[in-house]
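Everything below belongs to target-v9.txt, which stores compact mmCIF, C-alpha atoms.
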# COMPACT_ATOMS: atom_id res chain seq x y z
CA MET A 1 17.05 13.68 -15.03
CA MET A 2 14.20 11.29 -15.81
CA LYS A 3 13.13 11.33 -19.47
CA TYR A 4 10.06 9.21 -18.67
CA ASP A 5 7.40 10.10 -16.10
CA PHE A 6 6.97 7.07 -13.87
CA ASP A 7 5.19 9.19 -11.23
CA LYS A 8 2.21 9.71 -13.55
CA ILE A 9 -0.90 7.92 -12.28
CA ILE A 10 -3.06 6.48 -15.04
CA SER A 11 -6.42 5.01 -14.04
CA ARG A 12 -6.78 1.39 -15.09
CA ARG A 13 -10.19 0.68 -13.62
CA GLY A 14 -12.82 -0.20 -16.17
CA THR A 15 -10.23 -1.29 -18.74
CA GLY A 16 -10.68 -5.03 -18.22
CA SER A 17 -7.55 -5.12 -16.07
CA SER A 18 -6.97 -8.38 -14.23
CA LYS A 19 -5.10 -6.39 -11.61
CA TRP A 20 -7.58 -3.56 -11.03
CA ASP A 21 -11.04 -4.79 -12.01
CA GLN A 22 -11.50 -7.93 -9.91
CA ARG A 23 -12.20 -6.43 -6.48
CA SER A 24 -14.09 -3.47 -5.05
CA GLU A 25 -12.61 -0.02 -5.53
CA ASP A 26 -11.77 0.40 -1.84
CA ILE A 27 -9.07 -2.28 -2.11
CA LEU A 28 -5.69 -1.22 -3.53
CA PRO A 29 -4.23 -3.91 -5.84
CA MET A 30 -0.49 -4.52 -5.50
CA TRP A 31 -0.37 -8.20 -6.35
CA VAL A 32 0.09 -9.60 -9.89
CA ALA A 33 3.37 -8.90 -11.75
CA ASP A 34 1.83 -6.20 -13.93
CA MET A 35 3.33 -2.70 -13.84
CA ASP A 36 1.23 0.45 -13.51
CA PHE A 37 3.47 2.26 -16.01
CA GLN A 38 2.87 2.83 -19.70
CA SER A 39 5.06 0.78 -22.01
CA PRO A 40 7.93 2.57 -23.80
CA PRO A 41 6.84 5.25 -26.31
CA ALA A 42 8.51 3.29 -29.11
CA VAL A 43 6.17 0.37 -28.41
CA ILE A 44 3.07 2.57 -28.36
CA GLU A 45 4.01 4.25 -31.63
CA ALA A 46 4.79 0.93 -33.34
CA LEU A 47 1.41 -0.48 -32.30
CA LYS A 48 -0.41 2.63 -33.52
CA LYS A 49 1.31 2.42 -36.89
CA ARG A 50 0.45 -1.26 -37.30
CA ALA A 51 -3.16 -0.66 -36.20
CA GLU A 52 -3.54 2.04 -38.83
CA HIS A 53 -2.74 -0.49 -41.56
CA GLY A 54 -6.22 -1.84 -40.94
CA ILE A 55 -5.69 -5.44 -42.04
CA TYR A 56 -5.05 -8.05 -39.34
CA GLY A 57 -4.77 -11.37 -41.14
CA TYR A 58 -2.82 -14.45 -40.13
CA PRO A 59 0.66 -13.32 -39.00
CA LEU A 60 4.07 -14.65 -39.92
CA PRO A 61 7.09 -13.77 -37.76
CA MET A 62 9.50 -11.75 -39.90
CA ASP A 63 13.29 -11.88 -39.83
CA SER A 64 13.20 -8.70 -37.77
CA TYR A 65 11.27 -10.52 -35.03
CA TYR A 66 13.98 -13.15 -34.58
CA ASP A 67 16.76 -10.58 -34.94
CA ALA A 68 15.27 -8.48 -32.14
CA ILE A 69 15.34 -11.44 -29.74
CA ILE A 70 18.85 -12.48 -30.74
CA HIS A 71 20.29 -8.98 -30.43
CA TRP A 72 18.56 -8.26 -27.12
CA VAL A 73 19.79 -11.43 -25.42
CA GLY A 74 23.28 -10.93 -26.81
CA ARG A 75 23.43 -7.23 -25.93
CA ARG A 76 21.93 -7.46 -22.46
CA HIS A 77 23.12 -10.87 -21.30
CA GLY A 78 26.12 -11.82 -23.43
CA TRP A 79 24.57 -15.03 -24.76
CA LYS A 80 24.71 -15.64 -28.50
CA ILE A 81 21.63 -17.60 -29.48
CA GLU A 82 20.78 -18.89 -32.95
CA ARG A 83 17.60 -18.29 -34.87
CA ASP A 84 16.80 -22.01 -35.18
CA TRP A 85 16.69 -22.30 -31.39
CA ILE A 86 13.83 -19.80 -31.03
CA MET A 87 10.36 -21.25 -30.61
CA PHE A 88 7.16 -19.42 -29.75
CA SER A 89 4.74 -19.46 -26.84
CA PRO A 90 2.01 -16.94 -25.99
CA GLY A 91 3.41 -16.88 -22.46
CA VAL A 92 6.04 -18.54 -20.31
CA VAL A 93 3.45 -20.48 -18.28
CA PRO A 94 1.76 -22.19 -21.27
CA GLY A 95 5.22 -22.65 -22.74
CA ILE A 96 6.42 -24.51 -19.67
CA SER A 97 3.25 -26.62 -19.71
CA ALA A 98 3.97 -27.60 -23.33
CA ILE A 99 7.63 -28.27 -22.49
CA ILE A 100 6.67 -30.58 -19.62
CA ARG A 101 4.33 -32.49 -21.91
CA SER A 102 6.99 -32.77 -24.60
CA ILE A 103 10.00 -33.91 -22.52
CA THR A 104 8.40 -35.95 -19.71
CA LYS A 105 5.76 -38.66 -19.40
CA PRO A 106 2.74 -39.02 -17.13
CA GLY A 107 3.88 -40.19 -13.71
CA ASP A 108 7.29 -38.50 -14.00
CA LYS A 109 8.43 -36.02 -11.36
CA VAL A 110 9.47 -32.40 -11.84
CA ILE A 111 11.62 -30.69 -9.21
CA LEU A 112 10.57 -27.28 -7.86
CA GLN A 113 12.28 -25.00 -5.36
CA ARG A 114 9.47 -23.62 -3.21
CA PRO A 115 8.36 -21.04 -2.31
CA VAL A 116 8.08 -20.46 -6.03
CA TYR A 117 5.81 -19.04 -8.74
CA TYR A 118 2.57 -20.91 -8.16
CA PRO A 119 1.40 -21.54 -11.78
CA PHE A 120 4.24 -24.07 -12.01
CA PHE A 121 2.21 -26.33 -9.72
CA ALA A 122 -0.64 -26.62 -12.21
CA ASP A 123 1.77 -26.95 -15.14
CA ILE A 124 3.07 -30.11 -13.49
CA GLU A 125 0.04 -31.65 -11.80
CA HIS A 126 -2.60 -30.92 -14.46
CA ASN A 127 -0.37 -32.70 -16.98
CA GLY A 128 -0.30 -35.87 -14.87
CA ARG A 129 3.20 -35.32 -13.50
CA HIS A 130 4.22 -34.98 -9.84
CA ILE A 131 5.97 -32.24 -7.87
CA LEU A 132 9.24 -33.15 -6.17
CA ASN A 133 10.04 -30.31 -3.79
CA ASN A 134 13.58 -29.09 -3.13
CA PRO A 135 12.70 -26.19 -0.80
CA LEU A 136 14.89 -23.13 -0.56
CA LYS A 137 16.56 -22.43 2.78
CA TYR A 138 15.70 -19.16 4.53
CA VAL A 139 18.81 -18.24 6.49
CA ASN A 140 19.15 -14.90 8.32
CA GLY A 141 16.70 -13.14 6.00
CA HIS A 142 18.31 -14.58 2.86
CA TYR A 143 17.31 -17.48 0.61
CA GLU A 144 19.73 -20.15 -0.57
CA MET A 145 19.46 -23.36 -2.56
CA ASP A 146 19.61 -26.56 -0.52
CA PHE A 147 22.14 -28.49 -2.59
CA PRO A 148 22.48 -31.58 -0.32
CA ASP A 149 18.70 -32.02 -0.50
CA LEU A 150 18.76 -31.50 -4.28
CA GLU A 151 21.43 -34.17 -4.65
CA GLN A 152 19.17 -36.66 -2.88
CA LYS A 153 15.99 -35.67 -4.71
CA ALA A 154 17.75 -35.81 -8.09
CA LYS A 155 18.53 -39.49 -7.54
CA ASP A 156 14.84 -40.35 -7.73
CA PRO A 157 14.56 -42.40 -10.95
CA ARG A 158 11.23 -40.74 -11.78
CA ALA A 159 12.71 -37.22 -11.58
CA LYS A 160 13.07 -36.05 -15.18
CA ALA A 161 13.07 -32.24 -15.09
CA LEU A 162 13.68 -29.24 -12.83
CA ILE A 163 12.06 -25.83 -13.21
CA LEU A 164 14.62 -23.16 -12.37
CA CYS A 165 13.16 -19.75 -11.53
CA SER A 166 15.96 -17.32 -12.35
CA PRO A 167 15.72 -14.61 -11.08
CA HIS A 168 13.59 -16.23 -8.44
CA ASN A 169 9.96 -15.27 -7.99
CA PRO A 170 8.92 -14.48 -5.25
CA VAL A 171 12.09 -14.25 -3.13
CA GLY A 172 14.04 -12.03 -5.56
CA ARG A 173 17.30 -13.96 -5.69
CA VAL A 174 19.58 -13.47 -8.70
CA TRP A 175 21.44 -16.75 -8.66
CA SER A 176 25.22 -16.54 -8.98
CA LYS A 177 27.09 -18.38 -11.72
CA GLU A 178 28.55 -20.64 -9.03
CA GLU A 179 25.11 -21.57 -7.70
CA LEU A 180 23.78 -22.23 -11.20
CA THR A 181 26.82 -24.35 -12.04
CA ARG A 182 26.40 -26.54 -8.99
CA LEU A 183 22.69 -26.99 -9.71
CA GLY A 184 23.42 -27.78 -13.35
CA GLU A 185 26.04 -30.38 -12.53
CA ILE A 186 23.69 -32.19 -10.15
CA CYS A 187 20.99 -32.26 -12.82
CA VAL A 188 23.29 -33.38 -15.63
CA ASN A 189 24.71 -36.18 -13.47
CA ASN A 190 21.18 -37.46 -12.91
CA ASN A 191 19.81 -36.96 -16.45
CA ILE A 192 17.44 -34.19 -15.38
CA ILE A 193 16.52 -31.53 -17.94
CA ILE A 194 16.45 -27.95 -16.69
CA ILE A 195 13.57 -25.68 -17.70
CA SER A 196 14.87 -22.20 -16.93
CA ASP A 197 12.23 -19.50 -16.47
CA GLU A 198 14.20 -16.29 -16.99
CA ILE A 199 11.27 -13.95 -17.57
CA HIS A 200 12.54 -11.46 -14.95
CA CYS A 201 16.15 -11.51 -16.20
CA ASP A 202 16.12 -7.88 -17.40
CA LEU A 203 14.95 -6.53 -14.03
CA ILE A 204 18.18 -6.60 -12.06
CA TYR A 205 19.31 -4.15 -9.38
CA LYS A 206 22.73 -2.52 -9.52
CA GLY A 207 25.46 -4.69 -8.05
CA TYR A 208 24.00 -7.93 -9.41
CA THR A 209 24.34 -9.71 -12.76
CA HIS A 210 21.98 -12.20 -14.33
CA THR A 211 23.63 -15.29 -15.82
CA CYS A 212 21.68 -17.17 -18.46
CA PHE A 213 21.89 -20.78 -17.31
CA ALA A 214 22.38 -22.22 -20.79
CA SER A 215 25.28 -19.84 -21.50
CA ILE A 216 27.53 -21.35 -18.81
CA ASN A 217 28.81 -24.28 -20.87
CA GLU A 218 27.92 -26.53 -23.80
CA THR A 219 26.65 -29.34 -21.58
CA PHE A 220 24.15 -27.05 -19.88
CA LEU A 221 23.20 -25.59 -23.27
CA GLN A 222 22.16 -28.99 -24.58
CA ASN A 223 20.45 -30.03 -21.33
CA SER A 224 18.17 -27.02 -20.88
CA ILE A 225 15.31 -24.98 -22.29
CA THR A 226 15.17 -21.24 -21.54
CA CYS A 227 12.03 -19.12 -21.40
CA PHE A 228 12.22 -15.37 -22.13
CA ALA A 229 9.58 -12.69 -22.67
CA PRO A 230 9.35 -8.91 -22.95
CA SER A 231 6.15 -9.00 -20.87
CA LYS A 232 7.54 -8.24 -17.40
CA THR A 233 10.33 -6.01 -18.70
CA PHE A 234 8.15 -3.71 -20.79
CA ASN A 235 4.65 -4.36 -19.39
CA LEU A 236 3.44 -6.29 -22.43
CA ALA A 237 1.78 -9.30 -20.79
CA GLY A 238 -1.55 -8.67 -22.50
CA LEU A 239 0.07 -9.02 -25.93
CA GLN A 240 1.05 -12.64 -25.23
CA THR A 241 4.45 -13.07 -26.82
CA SER A 242 7.24 -15.18 -25.32
CA ALA A 243 10.35 -16.86 -26.69
CA ILE A 244 11.28 -20.44 -25.84
CA ILE A 245 14.97 -21.10 -26.54
CA ILE A 246 15.73 -24.77 -27.27
CA PRO A 247 19.29 -25.43 -28.50
CA ASN A 248 18.96 -29.24 -28.34
CA PRO A 249 17.55 -30.43 -31.72
CA LYS A 250 15.74 -33.45 -30.26
CA MET A 251 14.01 -31.43 -27.55
CA ARG A 252 13.21 -28.70 -30.06
CA GLN A 253 11.51 -31.22 -32.36
CA GLU A 254 9.52 -32.62 -29.44
CA TYR A 255 8.33 -29.14 -28.52
CA ASP A 256 7.53 -28.34 -32.14
CA ASN A 257 5.45 -31.52 -32.36
CA MET A 258 3.54 -30.43 -29.29
CA ILE A 259 2.65 -26.91 -30.46
CA VAL A 260 2.45 -27.35 -34.25
CA LYS A 261 1.12 -30.86 -34.70
CA ALA A 262 -0.81 -31.35 -31.46
CA ARG A 263 -1.83 -27.65 -31.44
CA VAL A 264 -1.55 -27.45 -27.66
CA ILE A 265 -0.78 -23.71 -27.88
CA PRO A 266 -0.46 -21.26 -30.81
CA SER A 267 2.67 -21.71 -32.88
CA ALA A 268 3.14 -18.05 -33.89
CA PRO A 269 2.77 -14.65 -32.22
CA ASN A 270 -0.22 -12.42 -32.80
CA ILE A 271 0.38 -9.37 -34.99
CA PHE A 272 0.56 -6.83 -32.19
CA GLY A 273 2.63 -9.02 -29.87
CA ALA A 274 5.32 -9.44 -32.52
CA ILE A 275 5.37 -5.71 -33.29
CA ALA A 276 5.60 -4.81 -29.60
CA LEU A 277 8.42 -7.28 -28.98
CA GLU A 278 10.48 -5.85 -31.83
CA ALA A 279 9.97 -2.24 -30.75
CA ALA A 280 10.73 -2.98 -27.11
CA TYR A 281 13.85 -5.03 -27.74
CA ASN A 282 15.17 -2.67 -30.43
CA HIS A 283 14.43 0.65 -28.75
CA GLY A 284 13.73 -0.03 -25.08
CA ASP A 285 17.18 0.07 -23.45
CA ASP A 286 17.03 3.66 -22.25
CA TRP A 287 13.48 3.27 -20.93
CA LEU A 288 14.47 0.10 -19.04
CA GLU A 289 17.47 1.76 -17.42
CA GLN A 290 15.29 4.59 -16.11
CA LEU A 291 12.57 2.15 -15.06
CA MET A 292 15.02 0.21 -12.89
CA ASP A 293 16.35 3.43 -11.36
CA TYR A 294 12.79 4.35 -10.43
CA VAL A 295 11.95 0.88 -9.09
CA ALA A 296 15.18 0.93 -7.06
CA GLY A 297 13.97 4.22 -5.60
CA ASN A 298 10.66 2.57 -4.73
CA LEU A 299 12.52 -0.28 -3.06
CA ALA A 300 14.55 2.15 -0.94
CA PHE A 301 11.32 3.99 -0.04
CA LEU A 302 9.64 0.72 0.96
CA LYS A 303 12.58 -0.48 3.05
CA LYS A 304 12.86 2.79 4.97
CA TRP A 305 9.10 2.94 5.59
CA VAL A 306 8.90 -0.62 6.84
CA GLU A 307 12.03 -0.37 8.98
CA THR A 308 11.01 2.86 10.70
CA ARG A 309 7.22 2.60 10.80
CA ILE A 310 6.25 -1.09 10.51
CA PRO A 311 9.14 -2.93 12.22
CA ARG A 312 7.03 -6.05 12.81
CA ILE A 313 7.40 -6.73 9.08
CA LYS A 314 10.77 -7.62 7.56
CA VAL A 315 11.73 -6.95 3.94
CA VAL A 316 13.55 -9.79 2.18
CA GLU A 317 16.05 -7.81 0.11
CA PRO A 318 15.47 -8.52 -3.61
CA GLU A 319 18.38 -8.69 -6.03
CA GLY A 320 16.10 -8.64 -9.05
CA THR A 321 12.41 -8.28 -10.09
CA TYR A 322 9.99 -5.55 -8.98
CA LEU A 323 8.37 -7.98 -6.55
CA VAL A 324 9.24 -7.83 -2.87
CA TRP A 325 8.80 -10.68 -0.38
CA LEU A 326 7.65 -9.48 3.03
CA ASP A 327 8.11 -11.56 6.18
CA CYS A 328 4.93 -10.95 8.20
CA ARG A 329 5.27 -13.86 10.62
CA ASP A 330 5.79 -11.55 13.59
CA LEU A 331 2.15 -10.51 13.24
CA GLY A 332 1.29 -13.93 14.64
CA MET A 333 -1.46 -14.82 12.16
CA ASP A 334 -2.12 -18.04 10.31
CA ALA A 335 -2.36 -17.92 6.52
CA ASN A 336 -6.11 -17.39 6.34
CA SER A 337 -6.13 -14.74 9.07
CA LEU A 338 -3.28 -12.86 7.39
CA GLU A 339 -5.12 -12.87 4.06
CA ARG A 340 -8.31 -11.54 5.65
CA PHE A 341 -6.33 -8.91 7.54
CA MET A 342 -4.74 -7.57 4.35
CA LEU A 343 -7.99 -7.44 2.40
CA GLU A 344 -10.48 -6.46 5.11
CA LYS A 345 -8.44 -4.36 7.52
CA ALA A 346 -5.55 -2.93 5.50
CA LYS A 347 -7.57 -2.84 2.26
CA VAL A 348 -4.56 -3.88 0.20
CA TRP A 349 -4.34 -6.80 -2.18
CA PHE A 350 -0.97 -8.54 -2.09
CA ASP A 351 -0.16 -12.05 -3.29
CA GLU A 352 -0.48 -14.33 -0.28
CA GLY A 353 2.68 -16.21 0.58
CA TYR A 354 0.96 -19.57 1.02
CA ILE A 355 0.00 -19.74 -2.67
CA PHE A 356 3.72 -20.12 -3.46
CA GLY A 357 3.75 -23.29 -1.35
CA PRO A 358 3.56 -24.07 2.38
CA GLU A 359 7.04 -22.57 2.77
CA GLY A 360 5.51 -19.17 2.00
CA GLU A 361 3.00 -19.12 4.84
CA GLY A 362 3.34 -15.93 6.86
CA PHE A 363 4.79 -13.99 3.92
CA GLU A 364 3.27 -11.55 1.42
CA ARG A 365 4.44 -10.55 -2.06
CA ILE A 366 4.05 -6.89 -3.01
CA ASN A 367 4.49 -5.38 -6.48
CA ILE A 368 6.39 -2.08 -6.26
CA ALA A 369 6.31 -1.27 -10.01
CA CYS A 370 3.86 1.57 -9.60
CA PRO A 371 3.96 5.34 -9.13
CA ARG A 372 5.44 6.16 -5.72
CA ALA A 373 2.22 7.78 -4.58
CA ILE A 374 0.43 4.43 -5.00
CA LEU A 375 3.18 2.64 -3.09
CA GLU A 376 2.97 5.21 -0.31
CA GLU A 377 -0.81 4.81 -0.09
CA GLY A 378 -0.43 1.03 0.23
CA LEU A 379 2.17 1.36 2.96
CA LYS A 380 0.02 3.87 4.86
CA ARG A 381 -2.90 1.46 4.77
CA LEU A 382 -0.72 -1.38 5.98
CA GLU A 383 0.81 0.72 8.77
CA ASN A 384 -2.54 1.99 10.01
CA ALA A 385 -4.05 -1.49 10.07
CA ILE A 386 -1.11 -2.93 12.02
CA ASN A 387 -1.26 -0.04 14.50
CA ARG A 388 -4.89 -0.94 15.19
CA LEU A 389 -4.05 -4.53 16.08

Once more with this new file: its structure as structure tokens, please.
Amino acid sequence: MMKYDFDKIISRRGTGSSKWDQRSEDILPMWVADMDFQSPPAVIEALKKRAEHGIYGYPLPMDSYYDAIIHWVGRRHGWKIERDWIMFSPGVVPGISAIIRSITKPGDKVILQRPVYYPFFADIEHNGRHILNNPLKYVNGHYEMDFPDLEQKAKDPRAKALILCSPHNPVGRVWSKEELTRLGEICVNNNIIIISDEIHCDLIYKGYTHTCFASINETFLQNSITCFAPSKTFNLAGLQTSAIIIPNPKMRQEYDNMIVKARVIPSAPNIFGAIALEAAYNHGDDWLEQLMDYVAGNLAFLKKWVETRIPRIKVVEPEGTYLVWLDCRDLGMDANSLERFMLEKAKVWFDEGYIFGPEGEGFERINIACPRAILEEGLKRLENAINRL
């Protein structure tokens, strides 16, 4: 029996929500990775208690902040990290931007595996670096890494880093230890540092296991930087608290120089972000287990609806995340036409596949972390619009 009510619909319009307040009210937003569920009660109570203190001066992360991160990663993922390795970022995206600036130089190349989380593009290009694409292979409805292509791209003398999206956003792959090992060996052999975005690592479906890249062996540990956050797991994105794990002392000093001395991003969490992280990581296990059961139920609901009522769309089975990649190419529309169709005809707002790179054209990304009634409404709209084609 569910202890938490994930079916409860809570209006978010008029709250300054990036997800809900950007378009007209006749369009149903199911795009950005922002859940329509309240955060765990322990988080809400901890924030209330801190707010009641009434003084919000400059914060200092306490021992309990670091302990919460260490114990969560060890308990959930079997990786023992050390306090000294933990650096701060207000979010994974600004963290990756600072990492790129600290470990590469203008003109260097950073490898991406498109279709992939689109803010990475700006992190690379706006810092004067260049994208080197190692596209994923879409084989029989399943995505795989193209290792022969990676081996060739990694030989480029200007290639200095690779951003690993693990679990992968938007295609939902939870990379196996074997896949990660092969990728890591290619990178190590070519002196390429791996920036591992593991922000979705807690959102794994039954039957799959997330492997922290840096935990595989000592060589990978020293040749990588890992990005974690409670934001996707516990719906805390607005509190802007992420953890950047840097075991290598030299790389850690370079990052520290970038955020402390150059002041590229804040060097410490805000008061409420730190409090929320501690409460979530210390008391959120039970809530997370029930969340993933509910999201798995939403996934099953989506798959059955699409298979039986919208067969022209194909669901790319996710192994992790609450984001689902939909293959809409059978609708026969180009990228712009598909976007207009979703917004103007179906009245649903998904993330367009093309924004994840040209490899995503003809696909849509839908967020299923919402009450089932909202998911059903979105699917009804999509079905009705396709039936009118």

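With only C-alpha atoms taken into account, the protein and nucleic acid residues at most 12 Å from range 260-264 of chain A (excluding it and anything under 5 positions from it in its own chain) are Met87, Phe88, Ser89, Pro90, Pro94, Gly95, Ile96, Ser97, Ala98, Ile99, Ile100, Arg101, Ser102, Asn127, Arg252, Gln253, Glu254 and Tyr255 of chain A.
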
Can I get the residues of range 180-255 of chain A within 9 Å of range 310-334 of chain A, each with the closest pair of atoms and their distance in Å to one decimal, using only C-alpha atoms, sorted chain first then ascending number, as a tab-separated table?
residue	atom	partner	partner_atom	distance
A:His200	CA	A:Thr321	CA	5.8
A:Cys201	CA	A:Gly320	CA	7.7
A:Asp202	CA	A:Thr321	CA	8.2
A:Leu203	CA	A:Thr321	CA	5.0
A:Ile204	CA	A:Gly320	CA	4.2
A:Tyr205	CA	A:Gly320	CA	5.5
A:Lys206	CA	A:Glu319	CA	8.3
A:Gly207	CA	A:Glu319	CA	8.4
A:Tyr208	CA	A:Glu319	CA	6.6
A:His210	CA	A:Gly320	CA	8.7
A:Lys232	CA	A:Thr321	CA	8.8

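Residue nearest Arg365 in chain A within the list A:Gly54, A:Pro249, A:Pro266, A:Pro170: A:Pro170 [criterion: smallest interatomic distance, all atoms listed in the file].
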
Separation of CA of Tyr281 in chain A from CA of Ile70 in chain A in Å: 9.5 Å

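Straight-line separation from CA of Ser267 in chain A to CA of Met251 in chain A: 15.9 Å.
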
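Residue nearest Thr15 in chain A, chosen from A:Lys3, A:Asn298, A:Gly238, A:Ala279 and counting all atoms listed in the file: A:Gly238.
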
For Val188 in chain A, list every protein, DNA or RNA residue within 8 Å, evaluated using all atoms listed in the file, and leave out those in the same chain fewer than 4 positions away; present the list as a PDB file with C-alpha atoms, keeping the file's coordinate frame.
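out.pdb, written as the output of this step:
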ATOM      1  CA  GLY A 184      23.420 -27.780 -13.350  1.00  0.00           C
ATOM      2  CA  ILE A 192      17.440 -34.190 -15.380  1.00  0.00           C
ATOM      3  CA  ILE A 193      16.520 -31.530 -17.940  1.00  0.00           C
ATOM      4  CA  THR A 219      26.650 -29.340 -21.580  1.00  0.00           C
ATOM      5  CA  PHE A 220      24.150 -27.050 -19.880  1.00  0.00           C
ATOM      6  CA  ASN A 223      20.450 -30.030 -21.330  1.00  0.00           C
TER       7      ASN A 223
END

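Shortest separation to Asn134 in chain A among A:Ile225, A:Ile163, A:Ile259, A:Val32 occurs at residue A:Ile163, atoms counted being only C-alpha atoms.
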
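Our summary of the geometry notes that CA of Ile355 in chain A is positioned 16.7 Å from CA of Pro29 in chain A.
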
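A search radius of 8 Å centred on (13.1, -35.5, -5.2), applied to all atoms listed in the file, returns the residues Lys109, Ile111, Leu132, Asn133, Asn134, Leu150, Gln152, Lys153, Ala154, Lys155, Asp156 and Ala159 of chain A.
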
Restrict the calculation to all atoms listed in the file, then for each residue of range 298-348 of chain A with any atom at most 9 Å from an atom of range 370-389 of chain A give the closest atom pair and their distance in Å to one decimal, rows by chain and rising residue number, as a tab-separated table.
residue	atom	partner	partner_atom	distance
A:Asn298	CA	A:Arg372	CA	6.4
A:Phe301	CA	A:Glu376	CA	8.4
A:Leu302	CA	A:Leu379	CA	7.8
A:Trp305	CA	A:Leu379	CA	7.6
A:Val306	CA	A:Leu379	CA	8.0
A:Arg309	CA	A:Glu383	CA	7.0
A:Ile310	CA	A:Glu383	CA	6.0
A:Arg312	CA	A:Ile386	CA	8.8
A:Leu331	CA	A:Ile386	CA	8.3
A:Phe341	CA	A:Ala385	CA	8.2
A:Met342	CA	A:Leu382	CA	7.6
A:Lys345	CA	A:Ala385	CA	5.8
A:Ala346	CA	A:Ala385	CA	5.0
A:Lys347	CA	A:Arg381	CA	6.8
A:Val348	CA	A:Gly378	CA	6.4

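Residue nearest Gln240 in chain A within the list A:Val93, A:Ile27, A:Ala33, A:Ala280: A:Val93 [criterion: smallest interatomic distance, all atoms listed in the file].
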
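The nearest approach to Ser215 in chain A among the residues A:Val171, A:Ala237, A:Ile81, A:Ile10, with only C-alpha atoms taken into account, belongs to A:Ile81.
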
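Comparing A:Leu277, A:Pro115, A:Phe147, A:His71 by their smallest distance to Gly362 in chain A, the closest is A:Pro115 (using all atoms listed in the file).
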
Select, counting only C-alpha atoms, all protein, DNA and RNA residues no farther than 10 Å from (9.2, -17.7, -2.0) in file coordinates, and express the selection as a ChimeraX atom specification. /A:113-118,135-138,143,168-173,316,324-326,353-361,363-365

Show me that you can extract range 50-64 of chain A, keeping N, CA and C atoms, and write it as a compact mmCIF listing (two decimals), in the first residue's frame.
# COMPACT_ATOMS: atom_id res chain seq x y z
N ARG A 50 13.79 25.32 9.35
CA ARG A 50 14.89 26.28 9.11
C ARG A 50 14.34 27.67 8.82
N ALA A 51 13.22 27.74 8.08
CA ALA A 51 12.61 29.04 7.77
C ALA A 51 12.16 29.75 9.04
N GLU A 52 11.68 28.98 10.00
CA GLU A 52 11.19 29.57 11.25
C GLU A 52 12.31 30.20 12.08
N HIS A 53 13.54 29.80 11.82
CA HIS A 53 14.67 30.39 12.55
C HIS A 53 14.74 31.89 12.29
N GLY A 54 14.42 32.29 11.06
CA GLY A 54 14.26 33.69 10.74
C GLY A 54 15.52 34.45 10.39
N ILE A 55 16.67 33.82 10.45
CA ILE A 55 17.93 34.49 10.09
C ILE A 55 18.57 33.69 8.96
N TYR A 56 18.86 34.37 7.86
CA TYR A 56 19.33 33.68 6.65
C TYR A 56 20.65 34.27 6.15
N GLY A 57 21.63 34.29 7.02
CA GLY A 57 22.93 34.86 6.68
C GLY A 57 23.76 33.93 5.81
N TYR A 58 25.00 34.33 5.57
CA TYR A 58 25.88 33.53 4.72
C TYR A 58 26.01 32.11 5.28
N PRO A 59 25.79 31.10 4.42
CA PRO A 59 25.80 29.72 4.91
C PRO A 59 27.19 29.08 4.87
N LEU A 60 27.35 28.08 5.69
CA LEU A 60 28.56 27.26 5.70
C LEU A 60 28.12 25.80 5.75
N PRO A 61 28.52 24.98 4.77
CA PRO A 61 28.13 23.57 4.82
C PRO A 61 28.65 22.90 6.08
N MET A 62 27.76 22.24 6.80
CA MET A 62 28.14 21.58 8.05
C MET A 62 28.63 20.16 7.76
N ASP A 63 29.22 19.53 8.79
CA ASP A 63 29.65 18.15 8.63
C ASP A 63 28.50 17.27 8.17
N SER A 64 27.31 17.56 8.67
CA SER A 64 26.14 16.74 8.33
C SER A 64 25.80 16.79 6.84
